[in-house]
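Have a look at structure_32.cif below; it lists mmCIF, C-alpha atoms and all ligand atoms.
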```cif
data_target
loop_
_atom_site.label_atom_id
_atom_site.label_comp_id
_atom_site.auth_asym_id
_atom_site.auth_seq_id
_atom_site.Cartn_x
_atom_site.Cartn_y
_atom_site.Cartn_z
CA MET A 1313 100.47 80.33 81.79
CA LYS A 1314 103.80 79.47 80.22
CA GLY A 1315 107.13 80.47 81.76
CA TYR A 1316 110.77 79.71 81.04
CA ALA A 1317 112.20 78.21 84.21
CA MET A 1318 115.31 76.97 85.92
CA LEU A 1319 114.35 73.31 86.52
CA LYS A 1320 117.48 72.79 88.63
CA ILE A 1321 121.10 73.99 88.48
CA GLY A 1322 122.22 73.58 84.88
CA GLU A 1323 118.77 72.71 83.44
CA SER A 1324 116.09 74.98 82.07
CA GLY A 1325 112.94 74.82 79.92
CA TRP A 1326 109.36 75.98 79.40
CA ILE A 1327 106.87 74.98 82.09
CA GLU A 1328 103.18 75.58 82.84
CA LYS A 1329 102.26 77.41 86.05
CA ASP A 1330 99.17 79.06 87.49
CA ARG A 1331 98.95 82.77 86.86
CA PRO A 1332 100.12 84.59 90.05
CA GLU A 1333 97.48 86.08 92.38
CA CYS A 1334 97.25 89.83 92.77
CA GLY A 1335 97.26 91.07 96.39
CA PRO A 1336 95.70 94.45 97.32
CA LEU A 1337 98.95 96.41 96.80
CA ASP A 1338 100.23 94.40 93.85
CA ALA A 1339 100.05 94.33 90.08
CA ILE A 1340 100.06 91.57 87.49
CA CYS A 1341 101.90 92.51 84.33
CA LYS A 1342 102.72 90.98 80.96
CA PRO A 1343 106.10 91.64 79.33
CA LEU A 1344 106.39 93.78 76.19
CA ALA A 1345 110.10 92.96 75.93
CA VAL A 1346 112.54 91.07 78.14
CA ALA A 1347 116.35 91.14 78.37
CA ILE A 1348 118.73 88.40 79.39
CA CYS A 1349 121.22 89.15 82.15
CA THR A 1350 124.60 87.72 83.08
CA SER A 1351 122.98 87.13 86.47
CA ASP A 1352 120.59 84.63 84.82
CA VAL A 1353 123.69 82.76 83.67
CA HIS A 1354 125.24 82.85 87.18
CA THR A 1355 121.95 81.62 88.67
CA LEU A 1356 121.18 78.87 86.18
CA TRP A 1357 124.54 77.42 85.23
CA GLU A 1358 126.78 78.33 88.17
CA GLY A 1359 124.20 77.79 90.92
CA ALA A 1360 125.42 81.05 92.41
CA ILE A 1361 122.34 81.58 94.62
CA GLY A 1362 121.90 77.88 95.32
CA GLU A 1363 119.43 75.32 94.04
CA ARG A 1364 116.05 76.41 92.68
CA HIS A 1365 113.38 74.12 91.24
CA ASN A 1366 110.94 75.21 88.53
CA MET A 1367 111.58 78.87 89.21
CA ILE A 1368 110.78 81.13 86.29
CA LEU A 1369 113.90 83.09 85.30
CA GLY A 1370 114.36 86.73 84.28
CA HIS A 1371 114.30 90.11 86.00
CA GLU A 1372 114.73 92.61 83.16
CA CYS A 1373 111.71 93.76 81.19
CA CYS A 1374 109.30 96.45 80.20
CA ALA A 1375 105.66 95.51 80.59
CA GLU A 1376 101.97 96.28 80.40
CA VAL A 1377 99.83 96.20 83.53
CA VAL A 1378 96.94 93.72 83.24
CA GLU A 1379 95.54 93.78 86.78
CA VAL A 1380 96.01 95.88 89.93
CA GLY A 1381 95.05 95.29 93.55
CA SER A 1382 92.26 97.21 95.27
CA LEU A 1383 94.69 99.52 97.12
CA VAL A 1384 96.86 100.48 94.12
CA LYS A 1385 96.40 104.19 93.44
CA ASP A 1386 98.59 105.20 90.51
CA PHE A 1387 98.50 102.37 87.97
CA LYS A 1388 95.73 100.71 85.99
CA PRO A 1389 95.37 97.92 83.43
CA GLY A 1390 96.78 99.01 80.08
CA ASP A 1391 99.56 101.19 81.54
CA ARG A 1392 102.95 100.55 79.98
CA VAL A 1393 105.57 100.44 82.69
CA LEU A 1394 109.26 100.32 83.54
CA VAL A 1395 109.98 97.44 85.91
CA PRO A 1396 113.06 97.46 88.17
CA ALA A 1397 114.95 94.23 88.74
CA ILE A 1398 114.84 95.03 92.46
CA THR A 1399 111.36 95.50 93.92
CA PRO A 1400 111.72 96.31 97.63
CA ASP A 1401 109.07 96.16 100.31
CA TRP A 1402 108.92 99.87 100.98
CA ASN A 1403 107.41 99.58 104.43
CA SER A 1404 110.25 97.40 105.75
CA LEU A 1405 112.71 98.51 108.41
CA GLU A 1406 115.59 97.99 105.99
CA ALA A 1407 113.98 100.43 103.55
CA GLN A 1408 113.50 102.91 106.38
CA ALA A 1409 117.18 102.53 107.20
CA GLY A 1410 118.04 103.50 103.60
CA TYR A 1411 118.80 100.01 102.30
CA SER A 1412 115.59 99.11 100.50
CA MET A 1413 117.40 96.55 98.33
CA HIS A 1414 117.91 94.47 101.47
CA SER A 1415 114.29 94.69 102.60
CA GLY A 1416 113.45 91.41 104.34
CA GLY A 1417 117.10 90.31 104.57
CA MET A 1418 120.36 90.61 102.66
CA LEU A 1419 119.67 90.97 98.90
CA ALA A 1420 115.97 90.14 99.53
CA GLY A 1421 114.74 93.16 97.56
CA TRP A 1422 115.85 91.07 94.59
CA LYS A 1423 112.75 88.95 94.27
CA PHE A 1424 112.35 88.11 90.56
CA SER A 1425 114.10 84.86 89.71
CA ASN A 1426 115.49 84.64 93.22
CA PHE A 1427 112.67 84.33 95.78
CA LYS A 1428 109.78 84.21 93.35
CA ASP A 1429 109.06 83.63 89.69
CA GLY A 1430 110.67 86.07 87.30
CA VAL A 1431 109.56 87.84 84.15
CA PHE A 1432 110.26 85.24 81.42
CA SER A 1433 106.59 84.43 81.60
CA GLU A 1434 103.26 85.37 80.06
CA PHE A 1435 102.34 87.09 83.33
CA PHE A 1436 104.33 88.08 86.40
CA HIS A 1437 103.64 89.52 89.82
CA VAL A 1438 104.91 92.90 91.12
CA ASN A 1439 104.75 93.58 94.87
CA ASP A 1440 104.00 97.13 96.01
CA ALA A 1441 103.03 98.38 92.55
CA ASP A 1442 102.83 102.06 93.53
CA GLY A 1443 106.31 101.86 95.06
CA ASN A 1444 107.99 99.85 92.34
CA LEU A 1445 106.55 100.54 88.89
CA ALA A 1446 107.02 103.69 86.81
CA LEU A 1447 105.18 104.77 83.68
CA LEU A 1448 107.15 104.15 80.49
CA PRO A 1449 107.89 107.52 78.86
CA SER A 1450 106.19 107.52 75.45
CA ASN A 1451 109.42 108.21 73.54
CA ILE A 1452 111.29 105.19 74.91
CA ASP A 1453 111.09 101.98 72.90
CA PRO A 1454 110.22 98.91 75.03
CA VAL A 1455 113.42 97.20 73.82
CA ASP A 1456 115.57 100.08 75.11
CA ALA A 1457 113.42 100.32 78.24
CA CYS A 1458 114.65 96.86 79.30
CA MET A 1459 118.07 98.45 79.91
CA LEU A 1460 116.47 100.52 82.68
CA SER A 1461 115.53 97.45 84.74
CA ASP A 1462 119.06 96.56 85.73
CA MET A 1463 121.93 97.69 83.47
CA VAL A 1464 121.53 101.44 83.97
CA PRO A 1465 120.69 101.35 87.69
CA THR A 1466 123.47 98.86 88.43
CA GLY A 1467 126.15 100.60 86.38
CA PHE A 1468 125.17 103.94 87.91
CA HIS A 1469 125.16 102.45 91.40
CA GLY A 1470 128.79 101.48 90.86
CA VAL A 1471 129.45 105.17 90.21
CA GLU A 1472 127.62 106.11 93.41
CA LEU A 1473 129.45 103.47 95.45
CA ALA A 1474 132.80 104.71 94.13
CA ASP A 1475 131.64 108.27 94.87
CA VAL A 1476 132.94 109.70 91.58
CA GLN A 1477 133.64 113.44 91.80
CA PHE A 1478 134.44 116.16 89.24
CA GLY A 1479 137.89 115.67 87.79
CA ASP A 1480 138.44 112.14 89.11
CA THR A 1481 140.46 109.57 87.23
CA VAL A 1482 138.28 106.48 87.23
CA LEU A 1483 139.14 102.88 86.43
CA VAL A 1484 136.23 100.68 85.28
CA ILE A 1485 137.05 96.98 85.48
CA GLY A 1486 134.81 95.06 83.07
CA ILE A 1487 132.95 96.73 80.22
CA GLY A 1488 130.03 94.44 79.61
CA PRO A 1489 126.68 96.28 79.69
CA VAL A 1490 126.92 97.07 83.41
CA GLY A 1491 130.46 98.41 83.12
CA LEU A 1492 129.44 100.43 80.06
CA MET A 1493 126.77 102.12 82.14
CA SER A 1494 129.39 102.76 84.82
CA VAL A 1495 131.50 104.47 82.18
CA ALA A 1496 128.49 106.56 81.10
CA GLY A 1497 127.61 107.40 84.71
CA ALA A 1498 131.20 108.31 85.65
CA ASN A 1499 131.35 110.56 82.61
CA MET A 1500 128.10 112.28 83.61
CA ARG A 1501 129.45 112.74 87.13
CA GLY A 1502 132.44 114.65 85.75
CA ALA A 1503 135.30 112.16 85.64
CA SER A 1504 138.26 113.74 83.83
CA ARG A 1505 139.76 110.46 82.67
CA ILE A 1506 138.13 107.05 82.41
CA ILE A 1507 140.34 104.00 81.97
CA ALA A 1508 138.40 100.91 80.95
CA VAL A 1509 139.50 97.30 81.31
CA GLY A 1510 138.18 95.27 78.40
CA THR A 1511 139.06 94.23 74.88
CA ARG A 1512 136.01 93.02 72.97
CA PRO A 1513 135.79 95.46 70.03
CA VAL A 1514 132.03 96.05 70.39
CA CYS A 1515 132.43 96.89 74.06
CA VAL A 1516 135.51 99.07 73.47
CA GLU A 1517 133.66 101.02 70.79
CA ALA A 1518 130.61 101.48 73.03
CA ALA A 1519 132.82 102.48 75.99
CA ARG A 1520 134.54 105.10 73.85
CA GLY A 1521 131.14 106.47 72.92
CA TYR A 1522 130.21 106.67 76.61
CA GLY A 1523 133.39 108.54 77.57
CA ALA A 1524 136.28 106.11 78.19
CA VAL A 1525 139.57 107.35 76.76
CA ASP A 1526 142.12 104.70 77.73
CA PHE A 1527 141.82 100.95 77.44
CA ILE A 1528 143.74 98.07 78.93
CA SER A 1529 143.38 94.31 78.74
CA TYR A 1530 143.53 92.04 81.76
CA LYS A 1531 145.06 89.52 79.37
CA ASP A 1532 148.15 91.74 78.83
CA GLY A 1533 149.47 91.51 82.39
CA SER A 1534 148.22 92.75 85.71
CA ILE A 1535 145.64 95.53 85.68
CA GLU A 1536 147.47 97.42 88.42
CA ASP A 1537 150.83 97.44 86.62
CA GLN A 1538 149.19 98.82 83.50
CA VAL A 1539 147.23 101.45 85.42
CA LEU A 1540 150.26 102.56 87.42
CA ALA A 1541 152.29 102.84 84.21
CA MET A 1542 149.56 104.98 82.63
CA THR A 1543 149.23 107.29 85.60
CA GLY A 1544 152.89 107.98 86.32
CA GLY A 1545 152.83 105.59 89.27
CA LYS A 1546 150.07 107.52 91.05
CA GLY A 1547 147.08 105.26 90.46
CA VAL A 1548 143.45 106.29 90.15
CA ASP A 1549 141.03 108.16 92.39
CA LYS A 1550 138.17 105.68 92.01
CA VAL A 1551 137.63 102.13 90.81
CA ILE A 1552 134.35 100.62 89.67
CA VAL A 1553 134.29 96.83 89.51
CA ALA A 1554 131.80 95.44 86.99
CA GLY A 1555 133.47 92.24 85.84
CA GLY A 1556 136.00 89.56 86.68
CA GLY A 1557 136.20 87.45 89.83
CA CYS A 1558 137.36 87.78 93.43
CA GLU A 1559 140.90 88.47 92.21
CA THR A 1560 139.94 91.87 90.78
CA PHE A 1561 139.86 93.38 94.28
CA GLU A 1562 143.56 92.85 94.67
CA SER A 1563 144.15 94.82 91.46
CA ALA A 1564 141.60 97.46 92.45
CA VAL A 1565 143.29 98.11 95.81
CA LYS A 1566 146.73 98.21 94.21
CA ALA A 1567 145.61 100.60 91.45
CA LEU A 1568 143.93 103.01 93.88
CA LYS A 1569 145.42 106.15 95.42
CA PRO A 1570 145.29 106.53 99.21
CA GLY A 1571 141.86 107.91 100.08
CA GLY A 1572 140.39 106.31 96.99
CA LYS A 1573 137.15 104.38 96.80
CA ILE A 1574 136.11 101.15 95.14
CA GLY A 1575 132.51 100.64 94.06
CA ASN A 1576 131.74 97.02 93.30
CA VAL A 1577 128.55 95.94 91.57
CA ASN A 1578 129.96 92.70 90.25
CA TYR A 1579 128.14 89.52 91.29
CA LEU A 1580 130.89 87.31 92.71
CA GLY A 1581 129.50 84.01 91.54
CA SER A 1582 132.25 81.75 92.82
CA GLY A 1583 135.17 81.56 95.24
CA THR A 1584 135.22 81.81 99.04
CA TYR A 1585 137.29 84.85 99.95
CA VAL A 1586 138.16 88.24 98.55
CA ASN A 1587 141.83 88.94 99.27
CA ILE A 1588 142.87 92.46 100.18
CA PRO A 1589 146.62 93.06 99.74
CA ARG A 1590 147.93 94.15 103.11
CA ALA A 1591 150.78 96.44 102.06
CA GLU A 1592 148.89 98.25 99.28
CA TRP A 1593 145.91 98.69 101.60
CA GLY A 1594 148.25 100.96 103.53
CA VAL A 1595 148.91 98.16 106.06
CA GLY A 1596 145.31 98.76 107.12
CA MET A 1597 145.63 102.55 107.20
CA GLY A 1598 145.42 103.67 103.57
CA HIS A 1599 141.88 105.06 103.63
CA LYS A 1600 141.05 102.89 100.66
CA GLN A 1601 137.34 102.22 100.95
CA ILE A 1602 135.72 99.13 99.47
CA ASN A 1603 131.97 99.40 98.88
CA GLY A 1604 129.78 96.80 97.23
CA GLY A 1605 126.07 96.86 96.63
CA LEU A 1606 122.97 95.59 94.94
CA MET A 1607 121.28 98.17 92.72
CA PRO A 1608 118.54 100.27 94.29
CA GLY A 1609 115.17 99.55 92.69
CA GLY A 1610 111.80 101.18 93.12
CA ARG A 1611 109.66 103.72 91.35
CA LEU A 1612 111.58 106.93 92.04
CA ARG A 1613 114.78 105.44 90.69
CA MET A 1614 112.96 104.18 87.59
CA GLU A 1615 111.28 107.54 87.01
CA LYS A 1616 114.55 109.45 87.31
CA LEU A 1617 116.59 107.12 85.11
CA GLY A 1618 113.71 106.96 82.63
CA ALA A 1619 113.72 110.77 82.56
CA LEU A 1620 117.43 110.77 81.64
CA VAL A 1621 116.79 108.50 78.67
CA SER A 1622 113.60 110.29 77.69
CA ALA A 1623 115.39 113.66 77.72
CA GLY A 1624 118.10 112.34 75.42
CA LYS A 1625 120.86 112.66 78.03
CA LEU A 1626 121.57 108.94 78.05
CA ASP A 1627 121.36 106.71 74.98
CA VAL A 1628 121.01 103.08 76.05
CA HIS A 1629 120.53 101.76 72.55
CA PRO A 1630 124.23 100.91 71.97
CA LEU A 1631 123.88 98.25 74.70
CA VAL A 1632 121.31 96.29 72.69
CA SER A 1633 123.36 94.18 70.31
CA HIS A 1634 120.78 91.47 69.50
CA VAL A 1635 116.99 91.76 69.20
CA PHE A 1636 114.76 88.69 68.82
CA ASP A 1637 111.06 88.58 68.06
CA GLY A 1638 108.82 86.33 70.14
CA TRP A 1639 109.02 83.98 73.13
CA GLU A 1640 110.15 81.15 70.86
CA HIS A 1641 113.57 82.85 70.69
CA LEU A 1642 114.01 83.29 74.43
CA GLU A 1643 116.08 80.16 74.90
CA GLU A 1644 118.34 81.11 72.00
CA ALA A 1645 118.88 84.54 73.58
CA LEU A 1646 119.65 82.99 76.98
CA PHE A 1647 122.15 80.53 75.51
CA LEU A 1648 123.76 83.41 73.60
CA MET A 1649 124.30 85.22 76.91
CA ARG A 1650 125.94 82.11 78.35
CA ASP A 1651 128.19 81.60 75.33
CA LYS A 1652 129.04 85.32 74.92
CA PRO A 1653 130.00 85.50 71.25
CA LYS A 1654 132.36 88.37 70.48
CA ASP A 1655 129.69 90.67 69.06
CA LEU A 1656 127.29 90.33 72.01
CA ILE A 1657 126.53 93.02 74.53
CA LYS A 1658 122.92 92.49 75.48
CA PRO A 1659 120.19 90.33 73.89
CA VAL A 1660 116.57 91.48 74.10
CA VAL A 1661 113.43 89.55 73.14
CA LYS A 1662 110.47 91.59 71.92
CA ILE A 1663 107.16 90.06 72.86
CA GLU A 1664 104.91 92.45 70.97
CA ASP A 1665 104.96 95.96 69.53
P1 LIG B 1 129.29 90.75 81.40
O1 LIG B 1 129.73 89.36 81.69
O2 LIG B 1 128.61 91.04 80.13
O3 LIG B 1 130.51 91.75 81.54
C1 LIG B 1 131.58 91.53 82.38
C2 LIG B 1 132.83 91.80 81.57
O4 LIG B 1 133.96 91.63 82.40
C3 LIG B 1 133.00 90.85 80.41
O5 LIG B 1 133.15 91.61 79.22
C4 LIG B 1 134.28 90.08 80.72
O6 LIG B 1 135.05 89.82 79.58
C5 LIG B 1 134.99 91.05 81.63
N1 LIG B 1 135.96 90.42 82.52
C6 LIG B 1 136.08 89.12 82.86
N2 LIG B 1 137.14 88.94 83.67
C7 LIG B 1 137.69 90.15 83.85
C8 LIG B 1 138.80 90.61 84.59
N3 LIG B 1 139.56 89.79 85.30
N4 LIG B 1 139.06 91.92 84.55
C9 LIG B 1 138.28 92.75 83.85
N5 LIG B 1 137.22 92.38 83.12
C10 LIG B 1 136.94 91.08 83.13
O7 LIG B 1 128.35 91.15 82.63
P2 LIG B 1 127.41 92.41 82.89
O8 LIG B 1 126.03 92.09 82.44
O9 LIG B 1 128.06 93.64 82.40
O10 LIG B 1 127.38 92.40 84.47
C11 LIG B 1 128.56 92.60 85.22
C12 LIG B 1 128.39 91.97 86.58
O11 LIG B 1 127.40 92.68 87.33
C13 LIG B 1 127.90 90.51 86.53
O12 LIG B 1 128.60 89.78 87.50
C14 LIG B 1 126.45 90.63 86.91
O13 LIG B 1 125.93 89.43 87.44
C15 LIG B 1 126.52 91.75 87.92
N6 LIG B 1 125.26 92.42 88.23
C16 LIG B 1 125.14 92.98 89.44
C17 LIG B 1 124.00 93.69 89.79
C18 LIG B 1 123.89 94.41 91.10
O14 LIG B 1 122.80 94.87 91.45
N7 LIG B 1 124.97 94.61 91.83
C19 LIG B 1 122.95 93.78 88.88
C20 LIG B 1 123.13 93.22 87.61
C21 LIG B 1 124.28 92.54 87.29
ZN ZN B 2 120.03 91.72 85.35
#
```

Mind turning this structure into structure tokens?
Ligand code: NAD
Ligand code: ZN
Amino acid sequence: MKGYAMLKIGESGWIEKDRPECGPLDAICKPLAVAICTSDVHTLWEGAIGERHNMILGHECCAEVVEVGSLVKDFKPGDRVLVPAITPDWNSLEAQAGYSMHSGGMLAGWKFSNFKDGVFSEFFHVNDADGNLALLPSNIDPVDACMLSDMVPTGFHGVELADVQFGDTVLVIGIGPVGLMSVAGANMRGASRIIAVGTRPVCVEAARGYGAVDFISYKDGSIEDQVLAMTGGKGVDKVIVAGGGCETFESAVKALKPGGKIGNVNYLGSGTYVNIPRAEWGVGMGHKQINGGLMPGGRLRMEKLGALVSAGKLDVHPLVSHVFDGWEHLEEALFLMRDKPKDLIKPVVKIED
């Protein structure tokens, strides 16, 4: 089979590989549509998870099942499925402890394009099919369904990590597709005011549609000064970090009220330390919590988020700014994600109708 792989840090291309084997609990699927992620860019060009050779990239897709193992109960060939970017081993101790995304070790629930071949391939392997796949609701287009692999669950996890409550003022740092879903999730959770950090007109327009009311640019001075000016010096109740680098934590702590919470879902692709400002962290006693996490994957999460989209409560379509037709455009879509032209939010490649 053909797959689009990271050959080594900074180099990628199409390669031939054997089709993966299907274990008793597993499924083999073929993509119906795939999406490119900023994480693919961090992995391939920044070497953020280290060197990988001939590893097929990609972890966002919607797919059709082509084969299932002898012990799979709920899926069969021909089923159209939602596929989470994170596919935990549900019988692991980490999953039993409530941290399925770290099953097998830190971040090890993230298998596609990390520990094994990803989904930019004619066929790909899904471990624990009954625990990780979900049927694609019939009224969700496969292109939109790709947003359920990673963008919706990650953006919403930022909302969970920041513990957004009714009436909260929430700052969302970074309004790429993940941050946009954090805006949407914070709005659904009852935030009274959402301040978004970002300037690209397509993202600002989408963020407004998802519920952000105030906008600031990190290019116009420090985020914290602008937030404090907008909030009468009080700061915000919650901060969700979905963009920027290690330096954003300093701003997040400074912009937060005592007792506030930070939910980070940003992938810190470079740097060694995250600096926490001592005085604004209440000299260690400010009750300013900093949480950071990998999105939860798995079937239940996919079914619930799929139900939100299917019921018309969440429209993911505004995230999809570019749609390509056919594998031959995959590389173009990937390079677009790296180069981030102004009108880009998320590129998706349709494989078939
Ligand atoms: P993106 O690059 O499209 O969006 C990030 C946005 O942040 C961009 O618009 C950028 O202009 C903006 N930005 C850059 N510097 C900034 C700063 N200093 N302050 C504020 N904004 C700044 O990326 P995305 O696809 O939306 O993903 C966001 C992050 O989430 C990425 O790092 C991605 O790798 C990560 N991610 C994490 C998980 C997870 O499970 N935790 C899953 C998927 C993606
Ligand atoms: Zn992703």

What is the distance, in Å and to one decimal place, between atom CA of A:Met1459 and atom CA of A:Ala1345?
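Distance reported for this atom pair: 10.5 Å.
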
Quick one: residues within 7 Å of stretch 1371-1373 of chain A, only C-alpha atoms counted, chain neighbours fewer than 3 positions away excluded, as a VMD selection string?
chain A and resid 1343 1345 to 1348 1395 1397 1424 to 1425 1430 to 1431 1458 1461 to 1462

So the first atom is atom CA of A:Gly1315 and the second is atom CA of A:Val1380; what is the distance between them in Å, to one decimal place?
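It comes out at 20.7 Å.
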
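Here atom CA of A:Leu1405 is placed at a distance of 22.5 Å from atom CA of A:Glu1472.
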
Which polymer residues have any atom within 10 Å of an atom of A:Leu1612, counting only C-alpha atoms, with same-chain residues fewer than 3 positions away left out, as a PyMOL selection string?
chain A and resi 1443-1446+1608-1609+1615-1618

Give as a list of chain:residue names each residue that has an atom at most 9 Å from (123.3, 87.4, 75.4) in the file, counting only C-alpha atoms.
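Output: A:Ala1347, A:Ile1348, A:Cys1349, A:Thr1350, A:Ser1633, A:His1634, A:Glu1644, A:Ala1645, A:Leu1646, A:Phe1647, A:Leu1648, A:Met1649, A:Arg1650, A:Asp1651, A:Lys1652, A:Pro1653, A:Leu1656, A:Ile1657, A:Lys1658, A:Pro1659, A:Val1660.
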
Env. residues ligand LIG 1 (chain B) / 6 Å / all atoms listed in the file / as a ChimeraX atom specification
/A:1349-1351,1462,1466,1485-1491,1509-1510,1530,1554-1556,1560,1577-1579,1605-1607

Which residues are close to A:Asp1627, i.e. within 12 Å by only C-alpha atoms, leaving aside same-chain residues fewer than 2 positions away? Reply as a list in words.
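Here the qualifying residues turn out to be Ile1452, Asp1453, Asp1456, Ala1457, Met1459, Leu1460, Val1464, Leu1492, Met1493, Ala1496, Gly1497, Ala1518, Gly1521, Tyr1522, Leu1617, Gly1618, Ala1619, Leu1620, Val1621, Ser1622, Ala1623, Gly1624, Lys1625, His1629, Pro1630, Leu1631 and Val1632 of chain A.
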
Nearest to A:Asp1429 among A:Asn1366, A:Ser1382, A:Asn1587, A:Asn1499, with distances taken over all atoms listed in the file: which residue is it?
A:Asn1366

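Distance check against ligand ZN 2 (chain B) using all atoms listed in the file: of A:Ile1398, A:Val1377, A:Ala1339, A:Met1318, the minimum falls on A:Ile1398.
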
Measuring atom to atom with all atoms listed in the file, identify which of A:Asp1526, A:Glu1434, A:Asp1532, A:Asp1352 is nearest to ligand ZN 2 (chain B).
A:Asp1352

Pick out the closest residue to ligand ZN 2 (chain B) from this set: A:Asn1451, A:Ser1534, A:Thr1355, A:Gln1408. Count all atoms listed in the file.
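Smallest separation from ligand ZN 2 (chain B) among the options: A:Thr1355.
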
Tell me which protein, DNA and RNA residues are within 9 Å of A:Ser1412, counting only C-alpha atoms, leaving out same-chain ones fewer than 5 positions away, and put them as an mmCIF file with C-alpha atoms, in the frame of the given file.
```cif
data_model
loop_
_atom_site.group_PDB
_atom_site.id
_atom_site.type_symbol
_atom_site.label_atom_id
_atom_site.label_comp_id
_atom_site.auth_asym_id
_atom_site.auth_seq_id
_atom_site.Cartn_x
_atom_site.Cartn_y
_atom_site.Cartn_z
ATOM 1 C CA THR A 1399 111.360 95.500 93.920
ATOM 2 C CA PRO A 1400 111.720 96.310 97.630
ATOM 3 C CA ASP A 1401 109.070 96.160 100.310
ATOM 4 C CA TRP A 1402 108.920 99.870 100.980
ATOM 5 C CA SER A 1404 110.250 97.400 105.750
ATOM 6 C CA LEU A 1405 112.710 98.510 108.410
ATOM 7 C CA GLU A 1406 115.590 97.990 105.990
ATOM 8 C CA ALA A 1407 113.980 100.430 103.550
ATOM 9 C CA GLY A 1421 114.740 93.160 97.560
ATOM 10 C CA PRO A 1608 118.540 100.270 94.290
ATOM 11 C CA GLY A 1609 115.170 99.550 92.690
ATOM 12 C CA GLY A 1610 111.800 101.180 93.120
#
```

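Distances from A:Gly1362, A:Gly1604, A:Gly1545, A:Pro1396 to A:Ala1441 were compared using all atoms listed in the file, and the smallest one belongs to A:Pro1396.
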
Which neighbours of A:Pro1570 fall inside 12 Å, counting all atoms listed in the file, when residues of the same chain fewer than 6 positions from it are skipped, and could you give them as a VMD selection string?
chain A and resid 1546 to 1550 1564 1591 to 1601

Can you write just those residues out, C-alpha atoms, as a CSV table (one decimal), keeping the file's coordinate frame?
```
chain,number,residue,atom,x,y,z
A,1546,LYS,CA,150.1,107.5,91.0
A,1547,GLY,CA,147.1,105.3,90.5
A,1548,VAL,CA,143.4,106.3,90.2
A,1549,ASP,CA,141.0,108.2,92.4
A,1550,LYS,CA,138.2,105.7,92.0
A,1564,ALA,CA,141.6,97.5,92.4
A,1591,ALA,CA,150.8,96.4,102.1
A,1592,GLU,CA,148.9,98.2,99.3
A,1593,TRP,CA,145.9,98.7,101.6
A,1594,GLY,CA,148.2,101.0,103.5
A,1595,VAL,CA,148.9,98.2,106.1
A,1596,GLY,CA,145.3,98.8,107.1
A,1597,MET,CA,145.6,102.6,107.2
A,1598,GLY,CA,145.4,103.7,103.6
A,1599,HIS,CA,141.9,105.1,103.6
A,1600,LYS,CA,141.0,102.9,100.7
A,1601,GLN,CA,137.3,102.2,101.0
```

Using only C-alpha atoms, which of A:Gly1325, A:Gly1523, A:Pro1454, A:Gly1479 sits nearest A:Ala1503?
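Using only C-alpha atoms, the shortest distance to A:Ala1503 belongs to A:Gly1479.
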